[in-house]
Amino acid sequence: MRRIWAVAAKEFKQVRRDPLTLLLLLGFPAMMLLLYGYAVNFDVRHVPLAVQDRSHSAESRRLVDAFVESTYFDAVAELPVGADPGPLFERRVARAALVIPERYAEELAAGRPAPVQFLIDGADANTATTALGYARQIAEAFNLDLAARGLERGKPPVAFAPRVWYNPELRSAQFLVPGLMGFILMITAVLSTAMSVVREKERGTMEQLRATALRPSEMLIGKTIPYLAISLVAAAVIVAAARVFFGVAVAGSYVDLFLATVVYLVGALGFGLLVSSVSDSQAMAFQIGAVSSLLPALFLSGFIFPIRTMPGWLQAISYAVPARYFLIASRGVIIKGASLAPFARDMAFLGVFAVVVLAVSFARLRRRDF
């Protein structure tokens, strides 16, 4: 253990002697947060819908059919009477819920406005905004249909009442922060670790390390510890900048967010070691690391484009992107105030990914460089 900390201390000194790299690792997250937070807006489609039909009447089924047949919503769950849609929102099974009261059909028959509640998960502001627009259009078209069938008595028969959960103001910054955290941490962790190991190869100091009593695992663990610490500081910078500049606070437990971030970063650092095992120069390590970490984390994690709207083959590829699972867990903790329990499957994948890439990278580096 003492030898591992000796390597880690050496790496800390190396980082300290390179202030430009340190500034990049710590300043880049805040810069990207400000850039994307102020400049990026997205549009989304295809919203999974949960239905709580307390009326169980022909009119209520007609309203549900209007939502489903619009193709804007997919009915994915039926909520029993009195059930809370919150757990479905937390697990991302549904992103919206349609609640039809018991006396819905009676109110329509009596010519009085029949209230209908539409709940939307506001954790993703773009999805929520689009879904609200779709729902309003469907409600208006449904009212016109009722008028044509003679059920309207001067007022809109369906009193449509939308409510947004978790992000009532539908602020884009609220859902950008977790996505940016996953995107930025993946890039910084992969590139910093990959280039650190390759730098030893380019400068010839790997030969000197071979001559010491260090085991390969001790050397590799020692080199990753500083970058794990720096990446955690970068994560703290993102959270603090989000609070200061955008008013986005962590609704859940900081401990849960820390645990999810550590597991995610261990996998990212292991992937950086894997990149270094196939690279012979820092330029090559940068190119391979940037392409293999930046593009998937940006486009295949659900950060920019909803995975549900992608072609089937891209959806299949996205299952291998760790940022996808970290994004789900971090949004749940930061925006919804959930614990990590609803995201056990996502955390399990991050853990498996970390173990696999570390094992493969250790095996390759041991065979090639020791």
# chains A, B, ... in the order shown; residues from 1 in each chain; ligands from 1
>>> residues_around(residues="segment 174-180 of chain A", least_positions_apart="4", cutoff="6 Å", atoms="only C-alpha atoms", output="list of chain:residue names")
A:Ala123, A:Asp124, A:Ile184, A:Val248, A:Phe303, A:Leu327, A:Ser330, A:Arg331
>>> write_last_selection(atoms="C-alpha atoms", output="mmCIF file, in the first residue's frame")
data_model
loop_
_atom_site.group_PDB
_atom_site.id
_atom_site.type_symbol
_atom_site.label_atom_id
_atom_site.label_comp_id
_atom_site.auth_asym_id
_atom_site.auth_seq_id
_atom_site.Cartn_x
_atom_site.Cartn_y
_atom_site.Cartn_z
ATOM 1 C CA ALA A 123 -36.914 16.407 -14.730
ATOM 2 C CA ASP A 124 -36.364 16.645 -18.483
ATOM 3 C CA ILE A 184 -17.598 16.165 -18.731
ATOM 4 C CA VAL A 248 -29.972 24.064 -9.392
ATOM 5 C CA PHE A 303 -28.260 13.721 -22.685
ATOM 6 C CA LEU A 327 -27.395 10.094 -16.280
ATOM 7 C CA SER A 330 -27.799 11.407 -11.228
ATOM 8 C CA ARG A 331 -31.013 12.974 -12.554
#
>>> closest_residue(among="A:Gln282, A:Asp145, A:Pro87, A:Ile334", to="Ala66 of chain A", atoms="only C-alpha atoms")
A:Asp145
>>> residues_around(residues="Tyr325 of chain A", least_positions_apart="3", cutoff="9 Å", atoms="only C-alpha atoms", output="PyMOL selection string")
chain A and resi 264+301+319+321-322+328-330+343+345-347+349-350
>>> write_last_selection(atoms="C-alpha atoms", output="tab-separated table (two decimals), in the first residue's frame")
chain	number	residue	atom	x	y	z
A	264	TYR	CA	-18.90	6.02	-12.64
A	301	SER	CA	-26.55	8.63	-23.24
A	319	TYR	CA	-26.81	-0.07	-23.59
A	321	VAL	CA	-22.57	3.44	-22.78
A	322	PRO	CA	-21.95	3.97	-19.04
A	328	ILE	CA	-30.47	8.20	-15.08
A	329	ALA	CA	-29.14	7.85	-11.53
A	330	SER	CA	-27.80	11.41	-11.23
A	343	PHE	CA	-31.57	2.75	-9.85
A	345	ARG	CA	-29.88	-1.93	-12.11
A	346	ASP	CA	-28.11	1.16	-13.44
A	347	MET	CA	-25.61	1.15	-10.58
A	349	PHE	CA	-24.12	-1.94	-14.74
A	350	LEU	CA	-21.72	0.85	-13.76
>>> select_by_dssp(residues="segment 93-159 of chain A", states="strand (DSSP E or B)", output="ChimeraX atom specification")
/A:96-100,114-121,158-159
>>> atom_distance(atom1="atom CA of Gly86 of chain A", atom2="atom CA of Arg324 of chain A")
21.2 Å
>>> closest_residue(among="A:Leu185, A:Val244, A:Phe89, A:Val250", to="Tyr227 of chain A", atoms="only C-alpha atoms")
A:Leu185
>>> closest_residue(among="A:Gly182, A:Gly332, A:Pro226, A:Pro85", to="Trp5 of chain A", atoms="only C-alpha atoms")
A:Pro226
>>> atom_distance(atom1="atom CA of Gly222 of chain A", atom2="atom CA of Met1 of chain A")
9.3 Å
>>> closest_residue(among="A:His56, A:Arg92, A:Arg3, A:Arg364", to="Val278 of chain A", atoms="only C-alpha atoms")
A:Arg364
>>> residues_around(residues="Ile100 of chain A", least_positions_apart="5", cutoff="9 Å", atoms="only C-alpha atoms", output="NGL selection string")
:A and (51-56 or 60 or 114-118)
>>> atom_distance(atom1="atom CA of Pro80 of chain A", atom2="atom CA of Ser339 of chain A")
24.2 Å
>>> closest_residue(among="A:Val262, A:Ala147, A:Ala96, A:Met181", to="Leu132 of chain A", atoms="only C-alpha atoms")
A:Ala96
>>> residues_around(residues="Gly133 of chain A", least_positions_apart="3", cutoff="12 Å", atoms="only C-alpha atoms", output="PyMOL selection string")
chain A and resi 43-45+47+72-73+118+120+126-130+136-140+162
>>> write_last_selection(atoms="C-alpha atoms", output="PDB file, in the first residue's frame")
ATOM      1  CA  ASP A  43     -36.731  19.164 -28.624  1.00  0.00           C
ATOM      2  CA  VAL A  44     -37.959  15.647 -27.856  1.00  0.00           C
ATOM      3  CA  ARG A  45     -40.808  13.323 -28.803  1.00  0.00           C
ATOM      4  CA  VAL A  47     -43.570  10.102 -24.272  1.00  0.00           C
ATOM      5  CA  TYR A  72     -47.416  11.283 -29.265  1.00  0.00           C
ATOM      6  CA  PHE A  73     -47.972   9.066 -26.212  1.00  0.00           C
ATOM      7  CA  PHE A 118     -52.319  15.445 -16.590  1.00  0.00           C
ATOM      8  CA  ILE A 120     -45.692  15.288 -16.318  1.00  0.00           C
ATOM      9  CA  ASN A 126     -37.735  19.570 -23.072  1.00  0.00           C
ATOM     10  CA  THR A 127     -39.703  16.349 -22.832  1.00  0.00           C
ATOM     11  CA  ALA A 128     -42.109  18.001 -20.391  1.00  0.00           C
ATOM     12  CA  THR A 129     -42.607  21.074 -22.567  1.00  0.00           C
ATOM     13  CA  THR A 130     -43.246  19.010 -25.679  1.00  0.00           C
ATOM     14  CA  ARG A 136     -53.140  20.436 -24.820  1.00  0.00           C
ATOM     15  CA  GLN A 137     -53.612  19.809 -28.540  1.00  0.00           C
ATOM     16  CA  ILE A 138     -55.202  16.424 -27.848  1.00  0.00           C
ATOM     17  CA  ALA A 139     -57.524  17.913 -25.196  1.00  0.00           C
ATOM     18  CA  GLU A 140     -58.610  20.681 -27.572  1.00  0.00           C
ATOM     19  CA  PRO A 162     -51.737  19.880 -16.355  1.00  0.00           C
TER      20      PRO A 162
END
>>> select_by_dssp(residues="segment 26-272 of chain A", states="alpha helix (DSSP H)", output="ChimeraX atom specification")
/A:26-39,58-69,86-90,104-109,125-148,172-203,205-210,216-246,254-272
>>> residues_around(residues="Val263 of chain A", least_positions_apart="5", cutoff="10 Å", atoms="only C-alpha atoms", output="list in words")
Phe258, Ala268, Phe326, Met347, Ala348, Phe349, Leu350, Gly351, Val352, Phe353, Ala354 and Val355 of chain A
>>> closest_residue(among="A:Glu69, A:Asp280, A:Glu106, A:Asp74", to="Ser57 of chain A", atoms="only C-alpha atoms")
A:Glu106
>>> decode(residues="segment 92-167 of chain A", atoms="C-alpha atoms", output="compact mmCIF listing (two decimals), in the first residue's frame")
# COMPACT_ATOMS: atom_id res chain seq x y z
CA ARG A 92 -38.47 6.28 -15.76
CA VAL A 93 -41.14 3.73 -16.64
CA ALA A 94 -43.45 6.64 -17.45
CA ARG A 95 -42.80 10.29 -18.12
CA ALA A 96 -46.44 11.43 -17.89
CA ALA A 97 -49.67 10.32 -16.23
CA LEU A 98 -53.30 10.87 -17.18
CA VAL A 99 -55.72 10.83 -14.20
CA ILE A 100 -59.46 10.58 -14.96
CA PRO A 101 -61.77 11.04 -11.92
CA GLU A 102 -64.65 8.75 -10.92
CA ARG A 103 -67.49 11.06 -12.01
CA TYR A 104 -65.95 11.96 -15.36
CA ALA A 105 -68.71 10.36 -17.49
CA GLU A 106 -71.50 11.69 -15.23
CA GLU A 107 -70.18 15.25 -15.45
CA LEU A 108 -70.04 15.04 -19.24
CA ALA A 109 -73.57 13.64 -19.43
CA ALA A 110 -74.83 16.48 -17.20
CA GLY A 111 -73.19 19.09 -19.45
CA ARG A 112 -70.74 20.21 -16.78
CA PRO A 113 -66.94 20.48 -17.29
CA ALA A 114 -65.29 17.19 -16.36
CA PRO A 115 -61.85 17.74 -14.75
CA VAL A 116 -58.94 15.64 -16.02
CA GLN A 117 -55.48 15.82 -14.52
CA PHE A 118 -52.32 15.44 -16.59
CA LEU A 119 -49.07 14.94 -14.66
CA ILE A 120 -45.69 15.29 -16.32
CA ASP A 121 -42.18 14.50 -15.09
CA GLY A 122 -40.38 17.83 -15.37
CA ALA A 123 -36.91 16.41 -14.73
CA ASP A 124 -36.36 16.65 -18.48
CA ALA A 125 -37.64 20.10 -19.32
CA ASN A 126 -37.73 19.57 -23.07
CA THR A 127 -39.70 16.35 -22.83
CA ALA A 128 -42.11 18.00 -20.39
CA THR A 129 -42.61 21.07 -22.57
CA THR A 130 -43.25 19.01 -25.68
CA ALA A 131 -45.55 16.61 -23.85
CA LEU A 132 -47.60 19.47 -22.42
CA GLY A 133 -48.01 20.93 -25.88
CA TYR A 134 -49.11 17.56 -27.26
CA ALA A 135 -51.54 17.01 -24.38
CA ARG A 136 -53.14 20.44 -24.82
CA GLN A 137 -53.61 19.81 -28.54
CA ILE A 138 -55.20 16.42 -27.85
CA ALA A 139 -57.52 17.91 -25.20
CA GLU A 140 -58.61 20.68 -27.57
CA ALA A 141 -59.26 18.20 -30.39
CA PHE A 142 -61.16 15.95 -27.99
CA ASN A 143 -63.37 18.85 -26.90
CA LEU A 144 -64.14 19.62 -30.54
CA ASP A 145 -65.09 15.99 -31.07
CA LEU A 146 -67.41 16.09 -28.06
CA ALA A 147 -68.98 19.28 -29.38
CA ALA A 148 -69.58 17.60 -32.71
CA ARG A 149 -71.31 14.73 -30.92
CA GLY A 150 -73.56 17.16 -29.04
CA LEU A 151 -72.04 16.68 -25.57
CA GLU A 152 -70.85 20.27 -25.17
CA ARG A 153 -73.08 22.77 -23.37
CA GLY A 154 -71.36 26.09 -24.05
CA LYS A 155 -68.18 25.36 -22.10
CA PRO A 156 -65.29 23.03 -22.89
CA PRO A 157 -66.51 19.69 -21.49
CA VAL A 158 -63.06 18.42 -20.52
CA ALA A 159 -61.36 20.71 -18.00
CA PHE A 160 -57.74 19.87 -18.73
CA ALA A 161 -55.45 20.55 -15.72
CA PRO A 162 -51.74 19.88 -16.35
CA ARG A 163 -49.18 19.76 -13.54
CA VAL A 164 -45.40 19.47 -13.82
CA TRP A 165 -43.51 17.47 -11.22
CA TYR A 166 -39.92 18.06 -10.05
CA ASN A 167 -39.32 21.00 -12.39
